[in-house]
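Participant: File final_4.txt follows (compact mmCIF, C-alpha atoms and all ligand atoms):
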# COMPACT_ATOMS: atom_id res chain seq x y z
CA MET A 15 0.00 0.00 0.00
CA GLU A 16 1.34 3.41 -1.00
CA GLU A 17 0.10 6.37 1.08
CA VAL A 18 0.54 10.06 0.30
CA LYS A 19 -0.59 12.78 2.69
CA VAL A 20 -1.82 16.16 1.48
CA ASN A 21 -1.05 18.59 4.34
CA LEU A 22 -3.59 21.40 4.34
CA GLY A 23 -4.16 21.94 8.08
CA PRO A 24 -7.74 20.98 9.01
CA LYS A 25 -8.39 20.09 5.35
CA SER A 26 -5.55 17.52 5.22
CA TYR A 27 -6.25 14.11 3.71
CA ASN A 28 -4.65 10.87 2.63
CA ILE A 29 -4.31 9.34 -0.80
CA ALA A 30 -4.22 5.54 -0.57
CA ILE A 31 -2.95 3.53 -3.56
CA THR A 32 -3.24 -0.23 -3.82
CA ALA A 33 -4.74 -2.88 -6.10
CA GLY A 34 -8.18 -4.05 -4.96
CA LEU A 35 -8.96 -0.83 -3.03
CA VAL A 36 -12.43 -0.50 -4.64
CA ASP A 37 -13.51 -3.37 -2.35
CA GLN A 38 -12.09 -1.71 0.77
CA VAL A 39 -13.53 1.80 0.50
CA GLY A 40 -16.42 1.04 2.93
CA PRO A 41 -14.41 0.30 6.10
CA ARG A 42 -11.89 3.05 5.32
CA LEU A 43 -14.67 5.61 4.88
CA ARG A 44 -16.44 4.42 8.02
CA ALA A 45 -13.23 4.98 10.00
CA LEU A 46 -13.12 8.52 8.59
CA LEU A 47 -16.82 9.44 8.90
CA SER A 48 -18.39 7.58 11.82
CA GLN A 49 -21.65 9.64 11.73
CA SER A 50 -22.52 9.30 8.04
CA GLU A 51 -25.61 7.25 7.21
CA THR A 52 -25.88 7.67 3.45
CA ALA A 53 -23.19 7.47 0.80
CA ALA A 54 -24.24 8.93 -2.57
CA VAL A 55 -22.09 7.34 -5.27
CA ILE A 56 -21.86 9.55 -8.37
CA THR A 57 -20.63 7.73 -11.45
CA ASP A 58 -21.05 7.59 -15.22
CA SER A 59 -22.59 5.11 -17.63
CA ASN A 60 -19.19 3.54 -18.48
CA VAL A 61 -17.70 3.12 -15.02
CA GLY A 62 -20.89 2.45 -13.01
CA PRO A 63 -21.59 -0.94 -14.62
CA LEU A 64 -17.94 -2.00 -14.15
CA TYR A 65 -17.22 -1.03 -10.54
CA GLY A 66 -20.42 0.48 -9.06
CA GLU A 67 -21.72 -2.70 -7.43
CA ARG A 68 -18.35 -3.67 -5.92
CA LEU A 69 -18.02 -0.21 -4.38
CA ALA A 70 -21.65 -0.19 -3.18
CA ARG A 71 -21.23 -3.65 -1.57
CA SER A 72 -18.19 -2.48 0.35
CA LEU A 73 -20.07 0.65 1.51
CA ARG A 74 -23.16 -1.33 2.56
CA GLN A 75 -21.04 -3.80 4.52
CA ALA A 76 -19.63 -0.83 6.43
CA GLY A 77 -23.17 0.28 7.37
CA PHE A 78 -23.84 2.97 4.75
CA GLN A 79 -27.11 3.25 2.89
CA VAL A 80 -26.06 3.58 -0.72
CA VAL A 81 -27.73 5.60 -3.44
CA THR A 82 -26.11 5.60 -6.88
CA LEU A 83 -26.55 8.48 -9.32
CA THR A 84 -25.38 7.72 -12.88
CA PHE A 85 -25.02 10.23 -15.70
CA PRO A 86 -24.14 9.63 -19.39
CA ALA A 87 -20.36 9.27 -19.81
CA GLY A 88 -18.43 12.03 -21.56
CA GLU A 89 -17.28 15.64 -21.29
CA GLN A 90 -20.57 16.75 -22.91
CA SER A 91 -22.32 15.79 -19.63
CA LYS A 92 -20.12 18.06 -17.53
CA ASN A 93 -22.55 20.96 -17.42
CA LEU A 94 -25.07 22.80 -15.26
CA ALA A 95 -27.98 20.65 -16.52
CA THR A 96 -26.35 17.41 -15.30
CA LEU A 97 -25.32 19.12 -12.08
CA THR A 98 -28.97 20.07 -11.49
CA GLU A 99 -30.00 16.44 -12.00
CA LEU A 100 -27.38 15.40 -9.45
CA TYR A 101 -28.73 17.94 -6.93
CA THR A 102 -32.22 16.53 -7.50
CA GLY A 103 -30.94 13.00 -6.89
CA LEU A 104 -29.13 14.03 -3.71
CA ALA A 105 -32.27 15.80 -2.44
CA LYS A 106 -34.44 12.77 -3.23
CA ALA A 107 -31.99 10.56 -1.35
CA GLY A 108 -32.39 12.86 1.67
CA LEU A 109 -28.66 13.50 1.91
CA THR A 110 -27.76 15.50 5.03
CA ARG A 111 -24.68 17.48 5.96
CA SER A 112 -23.24 14.51 7.86
CA ASP A 113 -23.46 12.23 4.80
CA VAL A 114 -20.94 11.77 2.01
CA VAL A 115 -20.62 11.92 -1.78
CA VAL A 116 -18.37 9.30 -3.38
CA ALA A 117 -17.06 10.16 -6.86
CA LEU A 118 -16.41 6.95 -8.83
CA GLY A 119 -14.94 7.62 -12.27
CA GLY A 120 -12.57 9.76 -14.31
CA GLY A 121 -11.97 13.48 -14.32
CA VAL A 122 -15.45 14.48 -15.48
CA THR A 123 -17.06 12.52 -12.65
CA GLY A 124 -14.65 13.74 -9.97
CA ASP A 125 -14.94 17.37 -11.02
CA MET A 126 -18.73 17.34 -11.23
CA ALA A 127 -19.39 15.22 -8.12
CA GLY A 128 -16.94 17.44 -6.25
CA LEU A 129 -18.81 20.58 -7.28
CA ALA A 130 -22.12 18.97 -6.31
CA ALA A 131 -20.64 18.11 -2.89
CA ALA A 132 -19.13 21.59 -2.48
CA THR A 133 -22.47 23.30 -3.03
CA PHE A 134 -25.29 20.93 -2.02
CA LEU A 135 -26.51 22.04 1.44
CA ARG A 136 -23.55 24.49 1.28
CA GLY A 137 -21.14 21.59 1.42
CA VAL A 138 -21.12 17.89 2.26
CA ALA A 139 -18.08 15.62 2.58
CA PHE A 140 -16.78 13.90 -0.52
CA VAL A 141 -14.17 11.33 -1.43
CA GLN A 142 -12.63 10.47 -4.77
CA VAL A 143 -12.33 6.96 -6.24
CA PRO A 144 -10.63 7.81 -9.56
CA THR A 145 -10.73 5.20 -12.30
CA SER A 146 -8.67 6.80 -15.11
CA LEU A 147 -4.91 7.33 -14.94
CA LEU A 148 -5.44 11.03 -15.61
CA ALA A 149 -7.81 11.35 -12.64
CA MET A 150 -5.48 9.28 -10.42
CA VAL A 151 -2.42 11.46 -10.98
CA ASP A 152 -4.07 14.84 -11.43
CA SER A 153 -7.74 15.76 -11.15
CA SER A 154 -8.67 13.73 -8.05
CA VAL A 155 -5.96 15.46 -5.99
CA GLY A 156 -5.95 19.12 -5.04
CA GLY A 157 -9.60 20.07 -4.78
CA LYS A 158 -10.32 21.75 -8.12
CA VAL A 159 -13.96 20.93 -8.91
CA ALA A 160 -15.99 22.39 -11.77
CA VAL A 161 -18.41 22.07 -14.66
CA ASP A 162 -18.10 23.51 -18.17
CA LEU A 163 -20.10 26.34 -19.75
CA PRO A 164 -20.77 26.66 -23.49
CA ALA A 165 -18.14 29.44 -23.38
CA GLY A 166 -15.39 27.14 -22.12
CA LYS A 167 -14.20 24.32 -19.86
CA ASN A 168 -14.26 24.44 -16.05
CA LEU A 169 -15.62 27.98 -15.91
CA VAL A 170 -17.91 27.36 -12.91
CA GLY A 171 -16.23 25.68 -9.98
CA ALA A 172 -14.63 25.83 -6.57
CA PHE A 173 -11.61 24.76 -4.57
CA TYR A 174 -13.06 22.01 -2.38
CA GLN A 175 -10.76 19.33 -0.99
CA PRO A 176 -11.90 15.69 -0.72
CA LYS A 177 -11.72 13.90 2.64
CA ALA A 178 -9.72 11.08 1.03
CA VAL A 179 -8.63 9.70 -2.33
CA TYR A 180 -8.79 5.93 -2.88
CA ILE A 181 -6.77 4.80 -5.91
CA ASP A 182 -7.08 1.22 -7.18
CA PRO A 183 -4.58 0.81 -10.06
CA ALA A 184 -6.12 -2.59 -10.93
CA VAL A 185 -9.15 -0.81 -12.44
CA LEU A 186 -6.89 0.60 -15.17
CA LYS A 187 -6.99 -2.83 -16.82
CA THR A 188 -10.41 -1.94 -18.28
CA LEU A 189 -9.26 1.49 -19.49
CA PRO A 190 -8.88 1.62 -23.31
CA VAL A 191 -5.19 1.94 -24.23
CA ARG A 192 -5.69 5.39 -25.80
CA PHE A 193 -6.98 6.70 -22.47
CA PHE A 194 -4.16 5.06 -20.56
CA ASN A 195 -1.68 6.92 -22.78
CA ASP A 196 -3.78 10.05 -22.30
CA GLY A 197 -3.00 9.81 -18.57
CA MET A 198 0.65 9.06 -19.33
CA ALA A 199 0.93 12.56 -20.82
CA GLU A 200 0.20 14.00 -17.36
CA VAL A 201 2.68 11.54 -15.80
CA ILE A 202 5.34 12.70 -18.29
CA LYS A 203 4.40 16.28 -17.37
CA TYR A 204 5.36 15.65 -13.71
CA GLY A 205 8.73 14.35 -14.86
CA CYS A 206 9.22 17.45 -16.99
CA ILE A 207 8.28 20.04 -14.38
CA LYS A 208 9.69 18.54 -11.17
CA ASP A 209 11.31 15.13 -11.36
CA ALA A 210 14.10 14.24 -13.78
CA ALA A 211 14.42 10.77 -12.17
CA LEU A 212 10.75 10.03 -12.90
CA PHE A 213 11.27 11.13 -16.50
CA ALA A 214 14.31 8.87 -16.87
CA ARG A 215 12.38 5.98 -15.31
CA LEU A 216 9.57 6.42 -17.84
CA GLU A 217 12.11 6.48 -20.67
CA ALA A 218 13.64 3.21 -19.48
CA LEU A 219 10.40 1.38 -18.63
CA ALA A 220 9.59 -1.62 -20.81
CA PRO A 221 5.85 -2.12 -21.53
CA ALA A 222 5.92 -5.48 -19.71
CA GLU A 223 7.11 -3.74 -16.51
CA MET A 224 4.32 -1.15 -16.50
CA ASP A 225 1.73 -2.99 -14.37
CA LYS A 226 4.22 -3.61 -11.57
CA ALA A 227 5.63 -0.10 -11.70
CA LEU A 228 2.29 1.74 -11.81
CA PRO A 229 1.43 2.07 -8.08
CA GLY A 230 4.86 3.60 -7.43
CA ILE A 231 4.60 5.91 -10.43
CA ILE A 232 1.11 7.06 -9.39
CA ALA A 233 2.37 7.67 -5.83
CA THR A 234 5.32 9.71 -7.16
CA CYS A 235 2.96 11.90 -9.20
CA CYS A 236 0.52 12.34 -6.29
CA ASN A 237 3.44 13.27 -4.04
CA ILE A 238 4.61 15.96 -6.46
CA LYS A 239 1.08 17.30 -6.82
CA ALA A 240 0.47 17.23 -3.06
CA ARG A 241 3.60 19.31 -2.36
CA ILE A 242 2.63 21.83 -5.07
CA VAL A 243 -0.95 22.13 -3.78
CA GLU A 244 0.26 22.52 -0.17
CA ALA A 245 2.40 25.47 -1.24
CA ASP A 246 -0.29 27.15 -3.36
CA GLU A 247 -3.75 25.67 -2.78
CA PHE A 248 -5.59 28.47 -4.59
CA ASP A 249 -3.46 28.57 -7.74
CA ASN A 250 -1.95 32.03 -7.36
CA GLY A 251 1.67 31.05 -7.94
CA ASP A 252 3.63 27.81 -8.11
CA ARG A 253 0.56 25.62 -8.73
CA MET A 254 0.52 27.10 -12.21
CA VAL A 255 3.48 24.86 -13.14
CA LEU A 256 0.92 22.02 -13.28
CA ASN A 257 -0.37 23.85 -16.32
CA PHE A 258 2.73 22.95 -18.38
CA GLY A 259 1.48 22.05 -21.86
CA HIS A 260 -2.08 23.10 -21.01
CA THR A 261 -2.13 26.63 -22.46
CA LEU A 262 -1.60 25.43 -26.01
CA GLY A 263 -3.22 22.08 -25.13
CA HIS A 264 -6.53 23.78 -24.34
CA ALA A 265 -6.31 25.66 -27.65
CA VAL A 266 -5.70 22.37 -29.51
CA GLU A 267 -8.71 20.76 -27.80
CA LYS A 268 -10.93 23.74 -28.55
CA THR A 269 -9.72 24.21 -32.17
CA TYR A 270 -10.47 20.55 -32.91
CA HIS A 271 -13.84 20.72 -31.09
CA TYR A 272 -12.83 18.36 -28.27
CA ALA A 273 -13.10 15.49 -30.77
CA LYS A 274 -9.80 14.81 -32.53
CA TYR A 275 -7.40 15.00 -29.57
CA SER A 276 -7.93 13.83 -26.00
CA HIS A 277 -6.86 16.13 -23.15
CA GLY A 278 -3.56 14.31 -22.57
CA GLU A 279 -2.76 14.18 -26.27
CA ALA A 280 -3.34 17.93 -26.53
CA VAL A 281 -1.20 18.55 -23.43
CA GLY A 282 1.64 16.52 -24.98
CA ILE A 283 1.42 18.65 -28.13
CA GLY A 284 1.45 21.80 -25.98
CA MET A 285 4.45 20.66 -23.89
CA LEU A 286 6.50 19.91 -27.00
CA ALA A 287 5.60 23.09 -28.92
CA PHE A 288 6.53 25.42 -26.03
CA THR A 289 9.70 23.44 -25.28
CA ARG A 290 10.84 23.55 -28.91
CA ALA A 291 10.20 27.31 -29.02
CA ALA A 292 11.88 27.98 -25.66
CA GLU A 293 14.88 25.85 -26.67
CA ALA A 294 15.23 27.82 -29.91
CA LYS A 295 15.19 31.04 -27.85
CA GLY A 296 17.92 29.70 -25.52
CA GLN A 297 15.59 29.48 -22.49
CA THR A 298 15.69 25.67 -22.31
CA ALA A 299 18.71 23.35 -22.25
CA PRO A 300 19.63 21.95 -25.69
CA GLY A 301 18.29 18.44 -26.33
CA THR A 302 15.26 18.81 -24.01
CA ALA A 303 12.68 18.95 -26.83
CA ALA A 304 14.20 15.87 -28.50
CA ARG A 305 13.91 13.84 -25.28
CA LEU A 306 10.35 15.04 -24.85
CA ALA A 307 9.43 14.14 -28.44
CA ASN A 308 10.95 10.65 -27.98
CA ILE A 309 9.05 9.90 -24.80
CA LEU A 310 5.75 11.14 -26.27
CA GLN A 311 6.28 8.74 -29.19
CA GLN A 312 7.19 5.94 -26.77
CA TYR A 313 3.71 6.34 -25.22
CA HIS A 314 2.01 6.70 -28.64
CA LEU A 315 1.13 10.35 -28.12
CA PRO A 316 0.94 12.79 -31.06
CA LEU A 317 3.65 15.42 -31.44
CA THR A 318 2.03 18.28 -33.32
CA ALA A 319 -1.29 19.79 -34.36
CA ALA A 320 -1.80 22.86 -36.50
CA VAL A 321 -3.14 25.83 -34.50
CA THR A 322 -2.93 29.37 -35.88
CA PRO A 323 -2.07 32.35 -33.65
CA ALA A 324 -5.67 33.56 -34.11
CA GLU A 325 -7.08 30.21 -32.93
CA PHE A 326 -4.67 30.23 -30.00
CA LEU A 327 -5.69 33.77 -29.04
CA ALA A 328 -9.38 32.87 -29.26
CA ALA A 329 -8.84 29.90 -26.98
CA VAL A 330 -6.88 31.78 -24.30
CA GLN A 331 -9.48 34.52 -23.90
CA LEU A 332 -10.99 32.58 -20.99
CA ASP A 333 -7.72 31.13 -19.67
CA LYS A 334 -7.78 31.35 -15.89
CA LYS A 335 -4.06 32.22 -15.95
CA LYS A 336 -4.78 35.35 -17.99
CA LYS A 337 -4.50 38.77 -16.35
CA GLY A 338 -5.37 41.73 -18.56
CA HIS A 339 -3.44 41.22 -21.78
CA GLN A 340 -0.82 39.02 -20.15
CA LEU A 341 -0.71 35.29 -19.85
CA THR A 342 1.43 33.17 -17.53
CA ILE A 343 3.01 30.26 -19.39
CA VAL A 344 5.13 27.37 -18.09
CA LEU A 345 8.51 26.57 -19.65
CA LEU A 346 11.32 24.14 -18.83
CA ARG A 347 14.90 25.06 -17.96
CA GLN A 348 15.67 21.39 -18.44
CA ILE A 349 13.91 18.08 -17.78
CA GLY A 350 12.81 18.20 -14.11
CA GLU A 351 12.98 21.99 -13.76
CA SER A 352 10.23 24.41 -14.77
CA PHE A 353 9.58 28.14 -14.48
CA LEU A 354 6.73 30.57 -15.04
CA GLN A 355 6.93 33.35 -17.57
CA LYS A 356 4.53 36.20 -18.18
CA ILE A 357 4.05 36.98 -21.84
CA ALA A 358 2.01 39.62 -23.61
CA PHE A 359 -0.65 38.36 -26.02
CA GLN A 360 1.28 39.60 -29.05
CA GLU A 361 4.24 37.36 -28.07
CA ILE A 362 2.11 34.19 -28.23
CA ALA A 363 2.85 33.50 -31.88
CA ALA A 364 6.54 33.09 -31.00
CA TYR A 365 5.68 29.93 -29.00
CA LEU A 366 3.67 28.18 -31.73
N1 LIG A 401 -4.96 20.18 -12.77
C1 LIG A 401 -4.18 21.28 -12.39
C2 LIG A 401 -4.34 21.67 -10.96
O1 LIG A 401 -4.89 20.91 -10.18
O2 LIG A 401 -3.90 22.72 -10.59
Show me this structure written as structure tokens.

Facilitator:
Amino acid sequence: MEEVKVNLGPKSYNIAITAGLVDQVGPRLRALLSQSETAAVITDSNVGPLYGERLARSLRQAGFQVVTLTFPAGEQSKNLATLTELYTGLAKAGLTRSDVVVALGGGVTGDMAGLAAATFLRGVAFVQVPTSLLAMVDSSVGGKVAVDLPAGKNLVGAFYQPKAVYIDPAVLKTLPVRFFNDGMAEVIKYGCIKDAALFARLEALAPAEMDKALPGIIATCCNIKARIVEADEFDNGDRMVLNFGHTLGHAVEKTYHYAKYSHGEAVGIGMLAFTRAAEAKGQTAPGTAARLANILQQYHLPLTAAVTPAEFLAAVQLDKKKKGHQLTIVLLRQIGESFLQKIAFQEIAAYL
């Protein structure tokens, strides 16, 4: 069992990582929340049929009444209409402030269930049971919860920390390989921004060794994220380094209508484009972009996508890292070392 603690004073929590954890959530949650009667499991139409009953059984055995709310899988569900349906389900279930919301699924589920928990009755406890690699290493940790608006992704949300994160790497066996690699882009990102040893480990890892290595890799990523979130919970400074690859990545996703490239694929494209540009300007150590391109190929991630400066500008209009006509971008000094740079909008084209 790997354990990572997120130290946020009274909002501190543990991330537990071990195969088979889906069947052990009940007793762990009971130890954490002795007064809760009802656990509302929020999941989607892909993950619910796979793991919903196992999770519910574990919760029932620990004395919880379980209500399961399932929404149609996909980013297109992450909106105010689905959130309203979730509120209705929680109200029908008679959830009280001493009860708990359990998010079972990928990033869409965790973000939306977290926002429902943050706001229903002005806040009820919630825990994350992430089932995609991307959610395990990124979105389930750190308390960013949100839904999308037609104008852009994650525009309505909150910072609301979970009470615990339960990661069962064995559930990744049912994740389609494209979505596993999607999560690997975020894993590679941690190596780029903070951990050269992790990056080198990923370079050297043979596919046959992946299953055995995964719990340790996930724990390493969660550890990096936990330390970053502890230092800057509300994303005013250093937490922005987690955005490496995301500024252009979001533009790639938006330009291709969230259809052609997954989030991780777009982030990989963004990491490489900015690193190539920064290396050409002498801001990044020579050879960094080549290593990055190699590792993206190793995990079957695309390297480039055409985005014009105008499309990029249109996409960053609602970037939460934008202040006035300046944007904060993340660049690498070398693998394992990142820095923030403020750039004016008219300089953006130089990084494409
Ligand atoms: N996913 C980026 C963050 O949590 O700040």

Participant: Which residue out of A:Lys187, A:Lys25, A:Lys239, A:Arg136 has the minimum interatomic distance to ligand LIG 401 (chain A) when only C-alpha atoms and all ligand atoms are used?

Facilitator: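 When distances to ligand LIG 401 (chain A) are compared using only C-alpha atoms and all ligand atoms, the smallest one comes from A:Lys239.
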
Participant: Quick one: distance from CA of Asp249 in chain A to CA of Arg192 in chain A in Å, one decimal?

Facilitator: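 One can read the CA of Asp249 in chain A to CA of Arg192 in chain A distance as 29.5 Å.
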
Participant: Give the answer as one residue: which of A:Val20, A:Ala33, A:Val170, A:Val115 has the shortest atom-to-atom distance to Ala54 in chain A, using only C-alpha atoms?

Facilitator: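 Smallest separation from Ala54 in chain A among the options: A:Val115.
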
Participant: Find the residues around Val281 in chain A up to 10 Å (only C-alpha atoms counted), leave out those fewer than 4 positions away in its own chain, and share them as a list in words.

Facilitator: Asp196, Ala199, Glu200, Lys203, Asn257, Phe258, Gly259, His260, Thr261, Leu262, Gly263, His264, Ala265, Val266, Glu267, Tyr275, Ser276, His277, Met285, Leu286, Ala287, Leu315, Pro316 and Leu317 of chain A

Participant: Have a look at CA of Val55 in chain A and CA of Val36 in chain A and let me know their distance in Å, one decimal.

Facilitator: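 So the two atoms, CA of Val55 in chain A and CA of Val36 in chain A, lie 12.5 Å apart.
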
Participant: Just the number, please: distance in Å from CA of Met15 in chain A to CA of Pro229 in chain A, one decimal.

Facilitator: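 Between these atoms lies a distance of 8.5 Å.
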
Participant: Within 8 Å of ligand LIG 401 (chain A) (counting all atoms listed in the file), which residues show up? I'd like them as JSON, numbers by chain.

Facilitator: {"A": [152, 153, 155, 156, 157, 158, 239, 243, 249, 253, 254, 256, 257]}

Participant: Just to be explicit: take each residue in the selection above, keep C-alpha atoms, and write the result as a PDB file, in the coordinates of the input.

Facilitator:
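What follows is the written file again.pdb:
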ATOM      1  CA  ASP A 152      -4.070  14.840 -11.430  1.00  0.00           C
ATOM      2  CA  SER A 153      -7.740  15.760 -11.150  1.00  0.00           C
ATOM      3  CA  VAL A 155      -5.960  15.460  -5.990  1.00  0.00           C
ATOM      4  CA  GLY A 156      -5.950  19.120  -5.040  1.00  0.00           C
ATOM      5  CA  GLY A 157      -9.600  20.070  -4.780  1.00  0.00           C
ATOM      6  CA  LYS A 158     -10.320  21.750  -8.120  1.00  0.00           C
ATOM      7  CA  LYS A 239       1.080  17.300  -6.820  1.00  0.00           C
ATOM      8  CA  VAL A 243      -0.950  22.130  -3.780  1.00  0.00           C
ATOM      9  CA  ASP A 249      -3.460  28.570  -7.740  1.00  0.00           C
ATOM     10  CA  ARG A 253       0.560  25.620  -8.730  1.00  0.00           C
ATOM     11  CA  MET A 254       0.520  27.100 -12.210  1.00  0.00           C
ATOM     12  CA  LEU A 256       0.920  22.020 -13.280  1.00  0.00           C
ATOM     13  CA  ASN A 257      -0.370  23.850 -16.320  1.00  0.00           C
TER      14      ASN A 257
END

Participant: Find the residues around range 120-126 of chain A up to 9 Å (all atoms listed in the file counted), leave out those fewer than 5 positions away in its own chain, and share them as a ChimeraX atom specification.

Facilitator: /A:56-58,61,85,87-89,91-93,96-97,131,141-150,152-154,157-161,168,171

Participant: Could you save the residues just selected, with C-alpha atoms, as a PDB file, in the coordinates of the input?

Facilitator:
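After the write, result-v2.pdb holds the following:
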ATOM      1  CA  ILE A  56     -21.860   9.550  -8.370  1.00  0.00           C
ATOM      2  CA  THR A  57     -20.630   7.730 -11.450  1.00  0.00           C
ATOM      3  CA  ASP A  58     -21.050   7.590 -15.220  1.00  0.00           C
ATOM      4  CA  VAL A  61     -17.700   3.120 -15.020  1.00  0.00           C
ATOM      5  CA  PHE A  85     -25.020  10.230 -15.700  1.00  0.00           C
ATOM      6  CA  ALA A  87     -20.360   9.270 -19.810  1.00  0.00           C
ATOM      7  CA  GLY A  88     -18.430  12.030 -21.560  1.00  0.00           C
ATOM      8  CA  GLU A  89     -17.280  15.640 -21.290  1.00  0.00           C
ATOM      9  CA  SER A  91     -22.320  15.790 -19.630  1.00  0.00           C
ATOM     10  CA  LYS A  92     -20.120  18.060 -17.530  1.00  0.00           C
ATOM     11  CA  ASN A  93     -22.550  20.960 -17.420  1.00  0.00           C
ATOM     12  CA  THR A  96     -26.350  17.410 -15.300  1.00  0.00           C
ATOM     13  CA  LEU A  97     -25.320  19.120 -12.080  1.00  0.00           C
ATOM     14  CA  ALA A 131     -20.640  18.110  -2.890  1.00  0.00           C
ATOM     15  CA  VAL A 141     -14.170  11.330  -1.430  1.00  0.00           C
ATOM     16  CA  GLN A 142     -12.630  10.470  -4.770  1.00  0.00           C
ATOM     17  CA  VAL A 143     -12.330   6.960  -6.240  1.00  0.00           C
ATOM     18  CA  PRO A 144     -10.630   7.810  -9.560  1.00  0.00           C
ATOM     19  CA  THR A 145     -10.730   5.200 -12.300  1.00  0.00           C
ATOM     20  CA  SER A 146      -8.670   6.800 -15.110  1.00  0.00           C
ATOM     21  CA  LEU A 147      -4.910   7.330 -14.940  1.00  0.00           C
ATOM     22  CA  LEU A 148      -5.440  11.030 -15.610  1.00  0.00           C
ATOM     23  CA  ALA A 149      -7.810  11.350 -12.640  1.00  0.00           C
ATOM     24  CA  MET A 150      -5.480   9.280 -10.420  1.00  0.00           C
ATOM     25  CA  ASP A 152      -4.070  14.840 -11.430  1.00  0.00           C
ATOM     26  CA  SER A 153      -7.740  15.760 -11.150  1.00  0.00           C
ATOM     27  CA  SER A 154      -8.670  13.730  -8.050  1.00  0.00           C
ATOM     28  CA  GLY A 157      -9.600  20.070  -4.780  1.00  0.00           C
ATOM     29  CA  LYS A 158     -10.320  21.750  -8.120  1.00  0.00           C
ATOM     30  CA  VAL A 159     -13.960  20.930  -8.910  1.00  0.00           C
ATOM     31  CA  ALA A 160     -15.990  22.390 -11.770  1.00  0.00           C
ATOM     32  CA  VAL A 161     -18.410  22.070 -14.660  1.00  0.00           C
ATOM     33  CA  ASN A 168     -14.260  24.440 -16.050  1.00  0.00           C
ATOM     34  CA  GLY A 171     -16.230  25.680  -9.980  1.00  0.00           C
TER      35      GLY A 171
END

Participant: Which residue out of A:Gly296, A:Gly34, A:Gly284, A:Gly301 has the minimum interatomic distance to Ala320 in chain A when all atoms listed in the file are used?

Facilitator: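 Closest residue, counting all atoms listed in the file: A:Gly284.
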
Participant: Give as a list in words every residue, naming chains and numbers as the document does, that has an atom within 12 Å of (20.3, 22.9, -25.3), counting all atoms listed in the file.

Facilitator: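 The distance filter leaves exactly Thr289, Arg290, Ala291, Ala292, Glu293, Ala294, Lys295, Gly296, Gln297, Thr298, Ala299, Pro300, Gly301, Thr302, Ala303, Ala304, Arg305, Leu346, Arg347, Gln348 and Ile349 of chain A.
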
Participant: Name the closest residue to Gly128 in chain A among the candidates A:Ile283, A:Val321, A:Leu109, A:Leu100; distances are taken between atoms, counting all atoms listed in the file.

Facilitator: A:Leu100

Participant: Any idea what's packed within 12 Å of Ala76 in chain A, counting all atoms listed in the file, ignoring anything in its chain fewer than 3 positions away? Could you give it as an mmCIF file with C-alpha atoms, in the coordinates of the input?

Facilitator:
data_model
loop_
_atom_site.group_PDB
_atom_site.id
_atom_site.type_symbol
_atom_site.label_atom_id
_atom_site.label_comp_id
_atom_site.auth_asym_id
_atom_site.auth_seq_id
_atom_site.Cartn_x
_atom_site.Cartn_y
_atom_site.Cartn_z
ATOM 1 C CA ASP A 37 -13.510 -3.370 -2.350
ATOM 2 C CA GLN A 38 -12.090 -1.710 0.770
ATOM 3 C CA VAL A 39 -13.530 1.800 0.500
ATOM 4 C CA GLY A 40 -16.420 1.040 2.930
ATOM 5 C CA PRO A 41 -14.410 0.300 6.100
ATOM 6 C CA ARG A 42 -11.890 3.050 5.320
ATOM 7 C CA LEU A 43 -14.670 5.610 4.880
ATOM 8 C CA ARG A 44 -16.440 4.420 8.020
ATOM 9 C CA ALA A 45 -13.230 4.980 10.000
ATOM 10 C CA LEU A 46 -13.120 8.520 8.590
ATOM 11 C CA LEU A 47 -16.820 9.440 8.900
ATOM 12 C CA SER A 48 -18.390 7.580 11.820
ATOM 13 C CA GLN A 49 -21.650 9.640 11.730
ATOM 14 C CA SER A 50 -22.520 9.300 8.040
ATOM 15 C CA GLU A 51 -25.610 7.250 7.210
ATOM 16 C CA THR A 52 -25.880 7.670 3.450
ATOM 17 C CA ALA A 53 -23.190 7.470 0.800
ATOM 18 C CA LEU A 69 -18.020 -0.210 -4.380
ATOM 19 C CA ALA A 70 -21.650 -0.190 -3.180
ATOM 20 C CA ARG A 71 -21.230 -3.650 -1.570
ATOM 21 C CA SER A 72 -18.190 -2.480 0.350
ATOM 22 C CA LEU A 73 -20.070 0.650 1.510
ATOM 23 C CA GLN A 79 -27.110 3.250 2.890
ATOM 24 C CA VAL A 80 -26.060 3.580 -0.720
#

Participant: Compute the distance from (4.2, 18.5, -3.5) to each atom, counting all atoms listed in the file, keep the residues with any atom at most 12 Å away, and return them as JSON, numbers by chain; use the coordinates of the file.

Facilitator: {"A": [18, 19, 20, 21, 22, 155, 156, 204, 207, 208, 209, 233, 234, 235, 236, 237, 238, 239, 240, 241, 242, 243, 244, 245, 246, 247, 252, 253, 255, 256]}

Participant: Which residue gives the smallest distance to Ser112 in chain A among A:Ala95, A:Leu129, A:Ile232, A:Phe140, with all atoms listed in the file counted?

Facilitator: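 Among the listed residues, the smallest separation from Ser112 in chain A belongs to A:Phe140.
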
Participant: Out of A:Asn28, A:Gln90, A:Gln311, A:Thr322, which residue has the shortest atom-to-atom distance to Ala364 in chain A when counting all atoms listed in the file?

Facilitator: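 Looking at the shortest contact to Ala364 in chain A, the residue is A:Thr322.
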
Participant: Emit as lines of an AutoDock Vina configuration file the padded axis-aligned box for all listed atoms of range 268-275 of chain A, 6 Å per side, with centre and edge lengths in Å to one decimal.

Facilitator:
center_x = -10.6
center_y = 19.5
center_z = -30.6
size_x = 18.4
size_y = 21.4
size_z = 16.6
